[in-house]
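> My questions will all concern the structure given below.
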Amino acid sequence: MAGFLLGAAGMFAVTYSTQAILPELGRSFGVSPAQAGLTISVVVLALACGAWIWGPLSDRYGRKRSIVLASALLVPPTVGAALAPSFALLLVFRALQGLCMPGLLTAGVPYVAEAFVPRIGGRAMGYYVASLVAGGLIGRVGVGLLAAVVGWRWAIGALVVLPLAAAVVMQRSLVDLPIESVRGGTFHAVLRQVRNPSLLQATVTGAAFFFTFVGCFSYVVYRLERPPFGFGPAAGSLVFVLWILGAAGPAIGRLADRIGWERLALSALALAALGLALSLPASLPSLVVGLALVTLANFSGVTAAQLGVADATAVDRGAASAVYFSLYYGIGSLGAYVPGLAWERYGWDGVAVTGFAALAFAGTVLFLADARRGSPPP
């Protein structure tokens with residue numbers, strides 16, 4: 001899996017490369033915190049749109065070709081984002097990055113399900129999520145620390161090495177999978193999956209975790225700059241070291257094999273809610289512990305949701321992945337903006353409330369689905 005994991009890590013590093021430096025972008029271009037958060041939102045929204053292209057494309061032209069092509073296409077807009085002379089152009093290049101990324105996601109999840117899960121079970125999805133964690137650490141902590149030394153432009157521009165190297169390595173190392181037979185064309189494939197209740201259940205679950213996670217980590221950097229904390233950008237970016245908890249991905253995958261993805265997701269929702277509650281006091285230890293729990297819950301919940309997507313159908317998996325990621329990232333794009341509005345008016349309490357609301361909605365969907373199937377809730 002090494003080549004594939006490198007590609008996934010490179011994609012995720014680019015995705016959130018501006019998250020740790022939002023205050024710096026705001027000062028550089030003279031924009032508000034919510035506007036600076038758009039550098040995350042436009043990527044996520046473009047990713048949601050691009051999923052409709054890359055998912056069905058991978059069903060018809062092959063997972064490997066889609067994954068390698070997406071990684072190569074990510075290189076030019078990454079350079080453009082580093083050189084953008086205005087905030088508007090920065091958003092344009094970030095959107096172009098987002099359109100390329102679904103090839104590594106919507107094709108990636110079914111590729112893991114088809115190439116690796118049959119051999120090593122849920123651990124394969126855990127390794128995949130762990131690679132995203134590694135990329136997130138590079139994109140957040142690495143960019144935050146490097147920006148303090150050489151400036152944010154050099155920091156995000158240096159990330160171009162990752163997708164470029166990944167495209168070369170994956171072309172040489174990934175195994176081609178048989179292209180599945182097409183049943184009724186792209187539109188009918190997508191329509192079948194939109195009507196798939198198991199897929200929609202997994203999608204709502206994953207989107208709730210993503211919305212909460214993006215909101216917390218986009219605006220905690222602003223909180224850490226203010227009293228009583230008063231940290232600078234470099235020190236504040238170290239909060240993203242908590243992403244290292246995603247290394248538990250393989251163990252989480254094995255746990256999902258034992259208890260089922262729905263029970264794992266419900267447990268993760270409760271853990272995330274506890275983490276949000278602990279983050280409310282103006283205490284650094286409490287904030288760190290709370291964010292750690294939110295982080296662990298997010299990676300557990302997302303691993304569970306992606307296993308739910310793989311279990312939801314045995315055909316048109318690219319289309320199913322497109323439905324999942326378009327809604328996952330479409331809703332998640334709001335996680336970099338709506339909590340920003342809450343932050344500007346109510347501070348961190350407002351950010352936490354938006355997270356509580358998303359988690360409560362997902363928990364309700366999971367409980368109702370269990371009730372319809374007649375299974376006892378965990």
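FYI, nothing fancy with the structure tokens labels: chains A, B, ... in order, residues from 1 per chain, ligands from 1 as they appear.
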Against range 12-27 of chain A, which residues of range 199-228 of chain A fall within 10 Å? For each one I want the closest pair of atoms and the distance in Å (one decimal), counting only C-alpha atoms, rows by chain and increasing residue number, as JSON lines.

{"residue": "A:Val214", "atom": "CA", "partner": "A:Gln19", "partner_atom": "CA", "distance": 9.0}
{"residue": "A:Phe217", "atom": "CA", "partner": "A:Gln19", "partner_atom": "CA", "distance": 7.7}
{"residue": "A:Ser218", "atom": "CA", "partner": "A:Gln19", "partner_atom": "CA", "distance": 5.7}
{"residue": "A:Tyr219", "atom": "CA", "partner": "A:Leu22", "partner_atom": "CA", "distance": 8.7}
{"residue": "A:Val220", "atom": "CA", "partner": "A:Ala20", "partner_atom": "CA", "distance": 9.3}
{"residue": "A:Val221", "atom": "CA", "partner": "A:Ala20", "partner_atom": "CA", "distance": 6.8}
{"residue": "A:Tyr222", "atom": "CA", "partner": "A:Pro23", "partner_atom": "CA", "distance": 7.0}
{"residue": "A:Glu225", "atom": "CA", "partner": "A:Pro23", "partner_atom": "CA", "distance": 9.0}
> What are the closest atom pairs, with distances in Å to one decimal, for all residues of range 227-265 of chain A lying within 9 Å of range 143-147 of chain A? Consider only C-alpha atoms, order rows by chain and residue number, and present the result as a Markdown table.

| residue | atom | partner | partner_atom | distance |
| --- | --- | --- | --- | --- |
| A:Pro233 | CA | A:Gly144 | CA | 6.9 |
| A:Ala234 | CA | A:Leu145 | CA | 5.1 |
| A:Ala235 | CA | A:Leu145 | CA | 8.1 |
| A:Gly236 | CA | A:Gly144 | CA | 8.3 |
| A:Ser237 | CA | A:Gly144 | CA | 5.4 |
| A:Leu238 | CA | A:Gly144 | CA | 8.0 |
> A:Glu262, A:Ala36, A:Ala352, A:Pro228: which is nearest Ser279 in chain A, counting only C-alpha atoms?
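Of all the options, A:Ala352 lies closest to Ser279 in chain A.
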> Of the residues A:Glu114, A:Phe87, A:Val289, A:Leu74, which is the one nearest to Ser32 in chain A, using only C-alpha atoms?
A:Phe87
> Got a sec to tell me which of range 172-241 of chain A DSSP assigns to helix (DSSP H, G or I), as a ChimeraX atom specification?
/A:172-173,185-194,197-225,233-241
